[in-house]
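Undergrad: What follows is work-v2.pdb, PDB, C-alpha atoms.
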```
ATOM      1  CA  MET M1420      56.500 -54.688  41.233
ATOM      2  CA  LYS M1421      54.097 -52.243  42.762
ATOM      3  CA  ASP M1422      55.465 -49.433  40.576
ATOM      4  CA  LYS M1423      54.954 -51.542  37.479
ATOM      5  CA  ARG M1424      51.347 -52.188  38.416
ATOM      6  CA  ILE M1425      50.854 -48.449  38.871
ATOM      7  CA  ASP M1426      52.425 -47.830  35.456
ATOM      8  CA  TRP M1427      50.170 -50.428  33.847
ATOM      9  CA  THR M1428      47.140 -48.944  35.565
ATOM     10  CA  ALA M1429      48.058 -45.435  34.478
ATOM     11  CA  ALA M1430      48.597 -46.658  30.948
ATOM     12  CA  ALA M1431      45.205 -48.352  30.948
ATOM     13  CA  VAL M1432      43.486 -45.221  32.216
ATOM     14  CA  PHE M1433      45.266 -43.124  29.610
ATOM     15  CA  ALA M1434      44.223 -45.538  26.880
ATOM     16  CA  LEU M1435      40.624 -45.410  28.092
ATOM     17  CA  VAL M1436      40.639 -41.598  28.156
ATOM     18  CA  LEU M1437      42.183 -41.538  24.708
ATOM     19  CA  ALA M1438      39.538 -43.920  23.410
ATOM     20  CA  LEU M1439      36.746 -41.883  24.970
ATOM     21  CA  SER M1440      38.213 -38.677  23.542
ATOM     22  CA  SER M1441      38.402 -40.221  20.097
ATOM     23  CA  TRP M1442      34.833 -41.473  20.379
ATOM     24  CA  TRP M1443      33.563 -38.100  21.633
ATOM     25  CA  GLY M1444      35.429 -36.263  18.879
ATOM     26  CA  ALA M1445      33.969 -38.577  16.273
ATOM     27  CA  HIS M1446      30.521 -38.081  17.814
ATOM     28  CA  GLU M1447      30.878 -34.285  17.681
ATOM     29  CA  ARG M1448      32.105 -34.423  14.081
ATOM     30  CA  ALA M1449      29.156 -36.609  13.147
ATOM     31  CA  ALA M1450      26.730 -34.186  14.825
ATOM     32  CA  THR M1451      28.345 -31.235  13.044
ATOM     33  CA  ALA M1452      28.138 -33.090   9.738
ATOM     34  CA  LYS M1453      24.448 -33.785  10.351
ATOM     35  CA  GLU M1454      23.817 -30.108  11.123
ATOM     36  CA  LYS M1455      25.615 -29.045   7.953
ATOM     37  CA  ALA M1456      23.650 -31.580   5.933
ATOM     38  CA  ALA M1457      20.382 -30.303   7.439
ATOM     39  CA  ASP M1458      21.356 -26.691   6.660
ATOM     40  CA  LEU M1459      22.246 -27.603   3.079
ATOM     41  CA  GLN M1460      18.969 -29.478   2.683
ATOM     42  CA  ALA M1461      16.961 -26.520   4.054
ATOM     43  CA  LYS M1462      18.819 -24.153   1.737
ATOM     44  CA  ALA M1463      18.155 -26.408  -1.253
ATOM     45  CA  GLN M1464      14.458 -26.620  -0.356
ATOM     46  CA  ALA M1465      14.243 -22.819  -0.031
ATOM     47  CA  GLU M1466      15.920 -22.375  -3.421
ATOM     48  CA  GLU M1467      13.517 -24.905  -4.923
ATOM     49  CA  ARG M1468      10.530 -23.022  -3.475
ATOM     50  CA  ASP M1469      11.909 -19.761  -4.900
ATOM     51  CA  LEU M1470      12.279 -21.355  -8.328
ATOM     52  CA  ILE M1471       8.725 -22.730  -8.180
ATOM     53  CA  GLN M1472       7.427 -19.321  -7.086
ATOM     54  CA  GLN M1473       9.337 -17.559  -9.865
ATOM     55  CA  SER M1474       7.966 -20.004 -12.416
ATOM     56  CA  LYS M1475       4.429 -18.995 -11.376
ATOM     57  CA  LEU M1476       5.063 -15.283 -11.870
ATOM     58  CA  PRO M1477       3.724 -13.652 -15.039
ATOM     59  CA  VAL M1478       6.479 -12.930 -17.537
ATOM     60  CA  LEU M1479       6.400  -9.298 -18.645
ATOM     61  CA  ASN M1480       7.224  -8.435 -22.217
ATOM     62  CA  GLU M1481       9.394  -5.424 -23.026
ATOM     63  CA  LYS M1482       6.465  -3.021 -23.514
ATOM     64  CA  GLU M1483       4.690  -4.079 -20.302
ATOM     65  CA  ALA M1484       7.876  -3.734 -18.254
ATOM     66  CA  ALA M1485       8.573  -0.273 -19.699
ATOM     67  CA  VAL M1486       5.028   0.965 -18.973
ATOM     68  CA  LEU M1487       5.115  -0.364 -15.397
ATOM     69  CA  ARG M1488       8.456   1.361 -14.819
ATOM     70  CA  GLU M1489       7.038   4.623 -16.211
ATOM     71  CA  LEU M1490       4.014   4.398 -13.902
ATOM     72  CA  PHE M1491       6.221   3.449 -10.946
ATOM     73  CA  SER M1492       8.447   6.495 -11.507
ATOM     74  CA  ALA M1493       5.472   8.889 -11.698
ATOM     75  CA  LEU M1494       3.984   7.549  -8.452
ATOM     76  CA  GLU M1495       7.368   7.504  -6.734
ATOM     77  CA  ASN M1496       7.671  11.235  -7.449
ATOM     78  CA  ARG M1497       4.029  11.911  -6.460
ATOM     79  CA  LYS M1498       3.194  13.090  -9.994
ATOM     80  CA  LEU M1499      -0.433  12.000 -10.002
ATOM     81  CA  LYS M1500      -1.386  13.633 -13.292
ATOM     82  CA  GLU M1501       1.523  11.960 -15.110
ATOM     83  CA  ALA M1502       0.578   8.603 -13.586
ATOM     84  CA  ALA M1503      -3.058   9.045 -14.658
ATOM     85  CA  ILE M1504      -1.981   9.949 -18.196
ATOM     86  CA  VAL M1505       0.098   6.745 -18.398
ATOM     87  CA  MET M1506      -2.813   4.604 -17.180
ATOM     88  CA  ASN M1507      -5.302   6.213 -19.565
ATOM     89  CA  ARG M1508      -2.925   6.092 -22.521
ATOM     90  CA  GLU M1509      -2.145   2.404 -21.911
ATOM     91  CA  GLU M1510      -5.661   1.384 -20.868
ATOM     92  CA  GLU M1511      -5.763  -1.629 -23.195
ATOM     93  CA  LEU M1512      -2.340  -2.818 -22.027
ATOM     94  CA  PHE M1513      -3.380  -2.664 -18.357
ATOM     95  CA  VAL M1514      -6.635  -4.529 -19.062
ATOM     96  CA  GLU M1515      -4.778  -7.358 -20.823
ATOM     97  CA  LEU M1516      -1.963  -7.395 -18.265
ATOM     98  CA  PHE M1517      -4.156  -7.526 -15.163
ATOM     99  CA  TYR M1518      -7.096  -9.658 -16.291
ATOM    100  CA  GLU M1519      -5.326 -12.004 -18.709
ATOM    101  CA  LYS M1520      -1.633 -12.304 -17.892
ATOM    102  CA  MET M1521      -2.036 -11.793 -14.131
ATOM    103  CA  ASP M1522      -5.426 -13.549 -14.118
ATOM    104  CA  GLY M1523      -6.812 -10.876 -11.790
ATOM    105  CA  ARG M1524      -4.190 -11.637  -9.113
ATOM    106  CA  ARG M1525      -2.133  -9.035  -7.289
ATOM    107  CA  TYR M1526       1.641  -8.846  -7.427
ATOM    108  CA  LEU M1527       4.206  -6.421  -6.048
ATOM    109  CA  PHE M1528       6.236  -4.559  -8.688
ATOM    110  CA  ASP M1529       9.456  -3.244  -7.114
ATOM    111  CA  GLY M1530      10.462  -1.019 -10.020
ATOM    112  CA  GLN M1531      12.085  -3.840 -11.990
ATOM    113  CA  ASN M1532      10.379  -7.163 -11.305
ATOM    114  CA  LEU M1533       7.104  -8.696 -10.172
ATOM    115  CA  LYS M1534       6.987 -10.502  -6.825
ATOM    116  CA  GLU M1535       4.277 -12.785  -5.506
ATOM    117  CA  GLU M1536       4.753 -11.757  -1.869
ATOM    118  CA  ILE M1537       3.243  -8.310  -1.249
ATOM    119  CA  ASP M1538       5.638  -7.053   1.408
ATOM    120  CA  GLY M1539       7.992  -4.083   1.444
ATOM    121  CA  GLU M1540       8.135  -1.120  -0.911
ATOM    122  CA  GLY M1541       6.539  -1.241  -4.338
ATOM    123  CA  MET M1542       3.464  -0.912  -6.531
ATOM    124  CA  VAL M1543       0.394  -3.155  -6.731
ATOM    125  CA  LEU M1544      -2.318  -3.196  -9.386
ATOM    126  CA  THR M1545      -5.668  -4.060  -7.785
ATOM    127  CA  LYS M1546      -7.653  -3.497 -10.995
ATOM    128  CA  ALA M1547      -6.757  -2.481 -14.524
ATOM    129  CA  GLY M1548      -7.377   1.158 -13.605
ATOM    130  CA  THR M1549      -6.413   1.154  -9.919
ATOM    131  CA  VAL M1550      -2.927   1.088  -8.415
ATOM    132  CA  PHE M1551      -1.419   1.340  -4.926
ATOM    133  CA  TYR M1552       2.129   2.555  -4.363
ATOM    134  CA  GLY M1553       4.107   2.640  -1.127
ATOM    135  CA  SER M1554       4.699   0.353   1.862
ATOM    136  CA  PHE M1555       3.053  -3.047   2.255
ATOM    137  CA  GLN M1556       2.994  -5.578   5.059
ATOM    138  CA  GLY M1557       1.171  -8.879   5.197
ATOM    139  CA  GLY M1558      -0.279  -8.308   1.730
ATOM    140  CA  ARG M1559      -1.888  -4.945   2.601
ATOM    141  CA  PRO M1560      -0.936  -1.242   2.577
ATOM    142  CA  HIS M1561       0.856  -0.474   5.825
ATOM    143  CA  GLY M1562       2.725   2.779   6.355
ATOM    144  CA  LEU M1563       2.884   5.590   3.815
ATOM    145  CA  CYS M1564       0.875   4.625   0.727
ATOM    146  CA  LEU M1565      -0.777   6.293  -2.272
ATOM    147  CA  ALA M1566      -3.788   4.885  -4.139
ATOM    148  CA  LEU M1567      -4.734   6.127  -7.609
ATOM    149  CA  GLN M1568      -7.676   5.277  -9.869
ATOM    150  CA  VAL M1569      -8.392   6.575 -13.358
ATOM    151  CA  VAL M1570     -11.937   7.110 -14.629
ATOM    152  CA  ASP M1571     -13.449   8.924 -17.593
ATOM    153  CA  LEU M1572     -16.652  10.715 -16.581
ATOM    154  CA  GLU M1573     -17.248  13.223 -19.381
ATOM    155  CA  ALA M1574     -13.530  14.054 -19.072
ATOM    156  CA  PRO M1575     -10.370  12.245 -17.879
ATOM    157  CA  ARG M1576     -10.165  12.202 -14.098
ATOM    158  CA  TYR M1577      -8.228  10.510 -11.340
ATOM    159  CA  ASP M1578      -9.293   9.703  -7.774
ATOM    160  CA  TYR M1579      -6.696   9.325  -5.048
ATOM    161  CA  ALA M1580      -6.051   8.532  -1.391
ATOM    162  CA  ASP M1581      -2.663   9.430   0.029
ATOM    163  CA  GLY M1582      -1.379   9.120   3.575
ATOM    164  CA  LEU M1583      -0.759   6.710   6.424
ATOM    165  CA  TRP M1584      -2.279   3.239   6.305
ATOM    166  CA  GLN M1585      -2.474   0.445   8.821
ATOM    167  CA  ASN M1586      -3.408  -3.113   7.943
ATOM    168  CA  GLY M1587      -5.161  -2.054   4.727
ATOM    169  CA  VAL M1588      -7.096   1.003   5.976
ATOM    170  CA  MET M1589      -6.221   4.693   6.241
ATOM    171  CA  GLU M1590      -5.196   5.424   9.808
ATOM    172  CA  GLY M1591      -3.644   8.782  10.643
ATOM    173  CA  GLU M1592      -2.912  11.855   8.563
ATOM    174  CA  GLY M1593      -3.872  11.798   4.897
ATOM    175  CA  SER M1594      -5.892  13.222   2.032
ATOM    176  CA  THR M1595      -8.395  11.937  -0.502
ATOM    177  CA  GLY M1596     -10.133  13.482  -3.489
ATOM    178  CA  TYR M1597     -10.265  13.720  -7.264
ATOM    179  CA  CYS M1598      -9.053  15.860 -10.144
ATOM    180  CA  TYR M1599     -10.304  16.442 -13.699
ATOM    181  CA  TYR M1600      -6.985  17.077 -15.403
ATOM    182  CA  GLN M1601      -8.180  17.697 -18.983
ATOM    183  CA  GLY M1602     -11.274  19.870 -18.804
ATOM    184  CA  GLY M1603     -14.275  18.728 -16.842
ATOM    185  CA  PRO M1604     -18.031  19.034 -16.340
ATOM    186  CA  MET M1605     -17.828  21.241 -13.231
ATOM    187  CA  GLU M1606     -16.111  24.601 -13.574
ATOM    188  CA  GLU M1607     -16.205  25.308  -9.826
ATOM    189  CA  ALA M1608     -14.878  21.921  -8.726
ATOM    190  CA  ARG M1609     -12.302  20.657 -11.205
ATOM    191  CA  ALA M1610     -10.358  19.316  -8.232
ATOM    192  CA  VAL M1611     -11.459  18.391  -4.710
ATOM    193  CA  CYS M1612      -9.261  17.554  -1.724
ATOM    194  CA  ARG M1613     -10.283  16.437   1.764
ATOM    195  CA  LYS M1614      -7.360  16.529   4.172
ATOM    196  CA  GLY M1615      -7.131  15.589   7.834
ATOM    197  CA  GLN M1616      -7.026  12.634  10.203
ATOM    198  CA  PHE M1617      -8.429   9.207   9.332
ATOM    199  CA  SER M1618      -9.567   6.415  11.619
ATOM    200  CA  GLY M1619     -10.591   3.147  10.000
ATOM    201  CA  ASN M1620     -10.942   4.893   6.597
ATOM    202  CA  LEU M1621     -13.319   7.515   8.102
ATOM    203  CA  MET M1622     -12.278  11.125   8.668
ATOM    204  CA  GLU M1623     -12.187  12.414  12.217
ATOM    205  CA  GLY M1624     -11.816  15.825  13.890
ATOM    206  CA  GLN M1625     -10.940  19.101  12.162
ATOM    207  CA  ILE M1626     -10.520  18.623   8.412
ATOM    208  CA  THR M1627      -9.878  20.858   5.424
ATOM    209  CA  TYR M1628     -12.108  20.714   2.353
ATOM    210  CA  ARG M1629     -10.612  22.422  -0.690
ATOM    211  CA  THR M1630     -12.078  22.868  -4.169
ATOM    212  CA  THR M1631     -10.228  24.273  -7.178
ATOM    213  CA  ASN M1632     -12.024  25.750 -10.195
ATOM    214  CA  ASP M1633     -11.080  25.781 -13.876
ATOM    215  CA  LYS M1634      -9.042  28.970 -13.299
ATOM    216  CA  LYS M1635      -7.027  27.184 -10.591
ATOM    217  CA  GLU M1636      -8.602  29.341  -7.886
ATOM    218  CA  ALA M1637      -9.054  27.502  -4.589
ATOM    219  CA  THR M1638     -11.817  27.775  -1.986
ATOM    220  CA  VAL M1639     -11.373  26.305   1.502
ATOM    221  CA  TRP M1640     -13.754  25.173   4.248
ATOM    222  CA  ASN M1641     -12.761  24.016   7.735
ATOM    223  CA  ILE M1642     -15.191  21.328   8.834
ATOM    224  CA  THR M1643     -15.544  19.304  12.027
ATOM    225  CA  VAL M1644     -16.232  15.619  11.418
ATOM    226  CA  LYS M1645     -16.987  12.651  13.667
ATOM    227  CA  ASP M1646     -17.030   9.054  12.392
ATOM    228  CA  GLY M1647     -17.086  10.412   8.834
ATOM    229  CA  GLY M1648     -20.179  12.584   9.391
ATOM    230  CA  VAL M1649     -20.377  16.377   9.689
ATOM    231  CA  VAL M1650     -20.728  17.933  13.134
ATOM    232  CA  LEU M1651     -23.235  20.791  12.749
ATOM    233  CA  ASP M1652     -21.710  23.433  15.015
ATOM    234  CA  ASP M1653     -22.828  27.079  15.296
ATOM    235  CA  ARG M1654     -21.031  28.028  12.076
ATOM    236  CA  TRP M1655     -23.675  26.220  10.039
ATOM    237  CA  THR M1656     -26.872  28.022   9.038
ATOM    238  CA  TYR M1657     -30.116  26.176   8.375
ATOM    239  CA  LEU M1658     -31.784  27.055   5.038
ATOM    240  CA  GLU M1659     -35.466  26.279   5.371
ATOM    241  CA  ASP M1660     -36.254  26.793   1.689
ATOM    242  CA  ARG M1661     -33.531  24.321   0.690
ATOM    243  CA  ARG M1662     -34.001  21.951   3.617
ATOM    244  CA  GLY M1663     -30.304  21.933   4.255
ATOM    245  CA  TYR M1664     -27.386  23.497   6.076
ATOM    246  CA  GLN M1665     -24.951  26.088   4.776
ATOM    247  CA  LEU M1666     -21.329  26.769   5.741
ATOM    248  CA  MET M1667     -19.477  29.765   4.335
ATOM    249  CA  ALA M1668     -15.950  29.298   3.023
ATOM    250  CA  THR M1669     -13.081  30.182   5.335
ATOM    251  CA  ASP M1670     -11.322  32.399   2.803
ATOM    252  CA  ASN M1671     -14.255  33.619   0.685
ATOM    253  CA  ASP M1672     -17.648  34.608   2.133
ATOM    254  CA  SER M1673     -19.233  34.498  -1.322
ATOM    255  CA  HIS M1674     -18.803  30.709  -1.501
ATOM    256  CA  ALA M1675     -20.996  28.382   0.521
ATOM    257  CA  TYR M1676     -21.063  24.630   1.035
ATOM    258  CA  VAL M1677     -24.619  23.304   1.304
ATOM    259  CA  LEU M1678     -25.446  20.017   2.989
ATOM    260  CA  GLY M1679     -28.871  18.393   2.726
ATOM    261  CA  GLU M1680     -30.743  17.423   5.891
ATOM    262  CA  ASP M1681     -30.404  13.745   5.084
ATOM    263  CA  GLN M1682     -26.657  14.085   4.492
ATOM    264  CA  ALA M1683     -25.727  15.708   7.790
ATOM    265  CA  TRP M1684     -24.723  12.576   9.709
ATOM    266  CA  GLN M1685     -23.963  10.239   6.834
ATOM    267  CA  PRO M1686     -20.334   8.995   6.706
ATOM    268  CA  MET M1687     -19.583  10.920   3.500
ATOM    269  CA  TRP M1688     -16.146  12.061   4.640
ATOM    270  CA  ALA M1689     -14.056   8.980   4.091
ATOM    271  CA  ASN M1690     -11.311   7.390   2.044
ATOM    272  CA  ILE M1691     -12.754   7.102  -1.473
ATOM    273  CA  LEU M1692     -10.179   4.518  -2.630
ATOM    274  CA  GLN M1693     -10.237   1.619  -0.210
ATOM    275  CA  TRP M1694      -8.156  -1.550  -0.327
ATOM    276  CA  GLU M1695     -10.513  -4.418  -1.117
ATOM    277  CA  GLU M1696      -9.660  -7.979  -0.129
TER     278      GLU M1696
END
```
Here is the file; what I need is its structure written in the form of structure tokens.
TA:
Amino acid sequence: MKDKRIDWTAAAVFALVLALSSWWGAHERAATAKEKAADLQAKAQAEERDLIQQSKLPVLNEKEAAVLRELFSALENRKLKEAAIVMNREEELFVELFYEKMDGRRYLFDGQNLKEEIDGEGMVLTKAGTVFYGSFQGGRPHGLCLALQVVDLEAPRYDYADGLWQNGVMEGEGSTGYCYYQGGPMEEARAVCRKGQFSGNLMEGQITYRTTNDKKEATVWNITVKDGGVVLDDRWTYLEDRRGYQLMATDNDSHAYVLGEDQAWQPMWANILQWEE
């Protein structure tokens, strides 16, 4: 009799354990199903957001896409003159594209498509005649980046800023300057390049100032700069009749750079193509 009671008790315990196991298994399956449903819902919402975002993007026609790819390729290969020629040649297209189709907004072009989020590698038009190419983070240049702007001051010219950027400003090694690539008003300075270290868009420390004339002959000055202003060390000579300071070229003592008294400490040595918010 006692053995039977033990058997019945054991059977009851087993049944209870089995019931609990079944309940727990069903509970776990329900939780897993809920997690899967939540994941599917999140995925569907993300896809919906992507579709909405894509629907807001400007739709490029065949000509616009081809011109953007041509410009992208020139900048990718650091062919600044070719890029400037494209922007000047297609000036009307860029005006209509940026101010009308893009409504003055900025988008990242990755070589094939426009993207609303300005992050990663690509090209961004900031004006009809100004473009940035390189690395972007948080909607700003960050990392290696090249800025190019085309202007026509008596002759076609491009301005540029190329180097390391951080959070939208030049920070680290880089160069900035301009080039008249089809003639120009100044025979002695068809191209100008300022190369060195930047801090908050201002040049700092020992920099190189190079000018190139219409015969492609270069003249170089080594200048010390602090907070974008010239440091007048003992290499500079004061010219009383001109009320300014003179520094002879490093490689040619017949060429001098003259700086007016009022220009000495002005932050003239800076990135000439800044990222504007």
Undergrad: Between atom CA of M:Arg1629 and atom CA of M:Met1542, what distance in Å does the model show, to one decimal?
TA: 27.9 Å
Undergrad: Suppose you want the space between atom CA of M:Gln1601 and atom CA of M:Ala1493; what is it in Å?
TA: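 Pair atom CA of M:Gln1601 / atom CA of M:Ala1493 returns 17.8 Å.
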Undergrad: Which residues come within 8 Å of M:Pro1604, counting only C-alpha atoms, excluding same-chain residues fewer than 3 positions away, as an NGL selection string?
TA: :M and (1573-1574 or 1609)
Undergrad: Which one of M:Leu1567, M:Ile1642, M:Ala1502, M:Val1650 sits closest to M:Ala1668 if you count only C-alpha atoms?
TA: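 Of all the options, M:Ile1642 lies closest to M:Ala1668.
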Undergrad: In Å to one decimal, how far is atom CA of M:Glu1695 from atom CA of M:Trp1584?
TA: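 Value for the atom CA of M:Trp1584-atom CA of M:Glu1695 distance: 13.5 Å.
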Undergrad: Would you kindly return, as a PyMOL selection string, each protein, DNA or RNA residue with an atom no farther than 12 Å from any atom of M:Glu1659, considering only C-alpha atoms and excluding same-chain residues fewer than 6 positions away?
TA: chain M and resi 1665+1677+1679-1680
Undergrad: Find, counting all atoms listed in the file, the residue in M:Asp1522, M:Asp1646, M:Asp1458, M:Asp1652 that gets nearest to M:Ala1689.
TA: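 Of M:Asp1522, M:Asp1646, M:Asp1458, M:Asp1652, the one nearest M:Ala1689, counting all atoms listed in the file, is M:Asp1646.
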Undergrad: Considering only C-alpha atoms, state which residue in the set M:Leu1476, M:Val1639, M:Leu1678, M:Val1550 is at the smallest distance from M:Leu1490.
TA: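 Of all the options, M:Val1550 lies closest to M:Leu1490.
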Undergrad: Just want the 12 Å neighbourhood of M:Glu1515, counted on only C-alpha atoms, with same-chain residues fewer than 3 positions away dropped. Output as a PDB file with C-alpha atoms, in the coordinates of the input.
TA:
```pdb
ATOM      1  CA  LEU M1479       6.400  -9.298 -18.645  1.00  0.00           C
ATOM      2  CA  GLU M1483       4.690  -4.079 -20.302  1.00  0.00           C
ATOM      3  CA  GLU M1509      -2.145   2.404 -21.911  1.00  0.00           C
ATOM      4  CA  GLU M1510      -5.661   1.384 -20.868  1.00  0.00           C
ATOM      5  CA  GLU M1511      -5.763  -1.629 -23.195  1.00  0.00           C
ATOM      6  CA  LEU M1512      -2.340  -2.818 -22.027  1.00  0.00           C
ATOM      7  CA  TYR M1518      -7.096  -9.658 -16.291  1.00  0.00           C
ATOM      8  CA  GLU M1519      -5.326 -12.004 -18.709  1.00  0.00           C
ATOM      9  CA  LYS M1520      -1.633 -12.304 -17.892  1.00  0.00           C
ATOM     10  CA  MET M1521      -2.036 -11.793 -14.131  1.00  0.00           C
ATOM     11  CA  ASP M1522      -5.426 -13.549 -14.118  1.00  0.00           C
ATOM     12  CA  GLY M1523      -6.812 -10.876 -11.790  1.00  0.00           C
ATOM     13  CA  LYS M1546      -7.653  -3.497 -10.995  1.00  0.00           C
ATOM     14  CA  ALA M1547      -6.757  -2.481 -14.524  1.00  0.00           C
ATOM     15  CA  GLY M1548      -7.377   1.158 -13.605  1.00  0.00           C
TER      16      GLY M1548
END
```
Undergrad: What residues come out when you apply the PyMOL selection byres ((chain M and resi 1551-1555) around 7) to this file, written as a VMD selection string?
TA: chain M and resid 1494 1537 to 1544 1550 1556 to 1567
Undergrad: Kindly indicate which residue among M:Gly1591, M:Gly1530, M:Gly1603, M:Pro1686 lies nearest to M:Ala1485, using all atoms listed in the file for the distances.
TA: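 Ranking M:Gly1591, M:Gly1530, M:Gly1603, M:Pro1686 by distance to M:Ala1485, first place goes to M:Gly1530.
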Undergrad: Point out the residue among M:Asp1581, M:Glu1590, M:Asp1660, M:Glu1495 with the least atom-to-atom distance to M:Arg1613, counting all atoms listed in the file.
TA: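 Smallest separation from M:Arg1613 among the options: M:Asp1581.
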Undergrad: Please report as JSON lines every residue of stretch 1569-1625 of chain M lying within 8 Å of stretch 1631-1635 of chain M, along with the nearest atom pair and their distance in Å (one decimal), using all atoms listed in the file.
TA:
```
{"residue": "M:Gly1602", "atom": "CA", "partner": "M:Asp1633", "partner_atom": "CA", "distance": 7.7}
{"residue": "M:Met1605", "atom": "CA", "partner": "M:Asn1632", "partner_atom": "CA", "distance": 8.0}
{"residue": "M:Glu1606", "atom": "CA", "partner": "M:Asp1633", "partner_atom": "CA", "distance": 5.2}
{"residue": "M:Glu1607", "atom": "CA", "partner": "M:Asn1632", "partner_atom": "CA", "distance": 4.2}
{"residue": "M:Ala1608", "atom": "CA", "partner": "M:Asn1632", "partner_atom": "CA", "distance": 5.0}
{"residue": "M:Arg1609", "atom": "CA", "partner": "M:Asn1632", "partner_atom": "CA", "distance": 5.2}
{"residue": "M:Ala1610", "atom": "CA", "partner": "M:Thr1631", "partner_atom": "CA", "distance": 5.1}
{"residue": "M:Val1611", "atom": "CA", "partner": "M:Thr1631", "partner_atom": "CA", "distance": 6.5}
```
Undergrad: Closest to M:Leu1533 among M:Ala1484, M:Leu1572, M:Met1506, M:Met1687, using only C-alpha atoms?
TA: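 When distances to M:Leu1533 are compared using only C-alpha atoms, the smallest one comes from M:Ala1484.
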Undergrad: Can you list what the PyMOL selection byres ((chain M and resi 1592) around 12) grabs from this structure, as a ChimeraX atom specification?
TA: /M:1562-1564,1580-1585,1588-1591,1593-1595,1613-1627,1690
Undergrad: Taking all listed atoms of stretch 1662-1669 of chain M, build the axis-aligned box, pad each of the six sides by 3 Å, then write its centre and edge lengths in Å to one decimal as AutoDock Vina command-line options.
TA:
```
--center_x -23.5 --center_y 26.1 --center_z 4.5 --size_x 26.9 --size_y 14.2 --size_z 9.1
```
Undergrad: Starting from the displayed file, determine the output of the PyMOL selection byres ((chain M and resi 1597) around 8) and express the residue list as a VMD selection string.
TA: chain M and resid 1576 to 1579 1595 to 1596 1598 to 1599 1610 to 1612
Undergrad: For the selection you just gave me, I'd like the residues written to a file as an mmCIF file, keeping the file's coordinate frame, keeping C-alpha atoms.
TA:
```
data_model
loop_
_atom_site.group_PDB
_atom_site.id
_atom_site.type_symbol
_atom_site.label_atom_id
_atom_site.label_comp_id
_atom_site.auth_asym_id
_atom_site.auth_seq_id
_atom_site.Cartn_x
_atom_site.Cartn_y
_atom_site.Cartn_z
ATOM 1 C CA ARG M 1576 -10.165 12.202 -14.098
ATOM 2 C CA TYR M 1577 -8.228 10.510 -11.340
ATOM 3 C CA ASP M 1578 -9.293 9.703 -7.774
ATOM 4 C CA TYR M 1579 -6.696 9.325 -5.048
ATOM 5 C CA THR M 1595 -8.395 11.937 -0.502
ATOM 6 C CA GLY M 1596 -10.133 13.482 -3.489
ATOM 7 C CA CYS M 1598 -9.053 15.860 -10.144
ATOM 8 C CA TYR M 1599 -10.304 16.442 -13.699
ATOM 9 C CA ALA M 1610 -10.358 19.316 -8.232
ATOM 10 C CA VAL M 1611 -11.459 18.391 -4.710
ATOM 11 C CA CYS M 1612 -9.261 17.554 -1.724
#
```
Undergrad: Any chance you could export stretch 1589-1601 of chain M with N, CA and C atoms, as a compact mmCIF listing (two decimals), in the first residue's frame?
TA:
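Result written to decode_19.txt:
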```txt
# COMPACT_ATOMS: atom_id res chain seq x y z
N MET M 1589 39.92 73.19 -41.11
CA MET M 1589 41.23 72.60 -41.40
C MET M 1589 42.03 72.50 -40.11
N GLU M 1590 42.54 71.32 -39.86
CA GLU M 1590 43.25 71.03 -38.62
C GLU M 1590 44.35 70.02 -38.92
N GLY M 1591 45.59 70.52 -39.02
CA GLY M 1591 46.70 69.64 -39.38
C GLY M 1591 47.35 70.10 -40.68
N GLU M 1592 48.04 69.18 -41.33
CA GLU M 1592 48.77 69.54 -42.54
C GLU M 1592 47.83 69.79 -43.72
N GLY M 1593 48.16 70.83 -44.51
CA GLY M 1593 47.34 71.12 -45.67
C GLY M 1593 47.90 72.26 -46.50
N SER M 1594 47.16 72.62 -47.54
CA SER M 1594 47.56 73.73 -48.41
C SER M 1594 46.32 74.45 -48.91
N THR M 1595 46.49 75.72 -49.24
CA THR M 1595 45.39 76.52 -49.76
C THR M 1595 45.96 77.56 -50.72
N GLY M 1596 45.18 77.92 -51.73
CA GLY M 1596 45.68 78.88 -52.71
C GLY M 1596 44.75 79.03 -53.89
N TYR M 1597 45.29 79.50 -55.00
CA TYR M 1597 44.49 79.69 -56.21
C TYR M 1597 45.35 79.48 -57.44
N CYS M 1598 44.69 79.36 -58.58
CA CYS M 1598 45.41 79.19 -59.85
C CYS M 1598 44.58 79.75 -61.00
N TYR M 1599 45.18 80.66 -61.78
CA TYR M 1599 44.60 81.09 -63.05
C TYR M 1599 45.08 80.08 -64.09
N TYR M 1600 44.16 79.29 -64.62
CA TYR M 1600 44.59 78.18 -65.48
C TYR M 1600 44.43 78.46 -66.98
N GLN M 1601 43.89 79.63 -67.32
CA GLN M 1601 43.81 80.03 -68.73
C GLN M 1601 44.16 81.52 -68.82
```
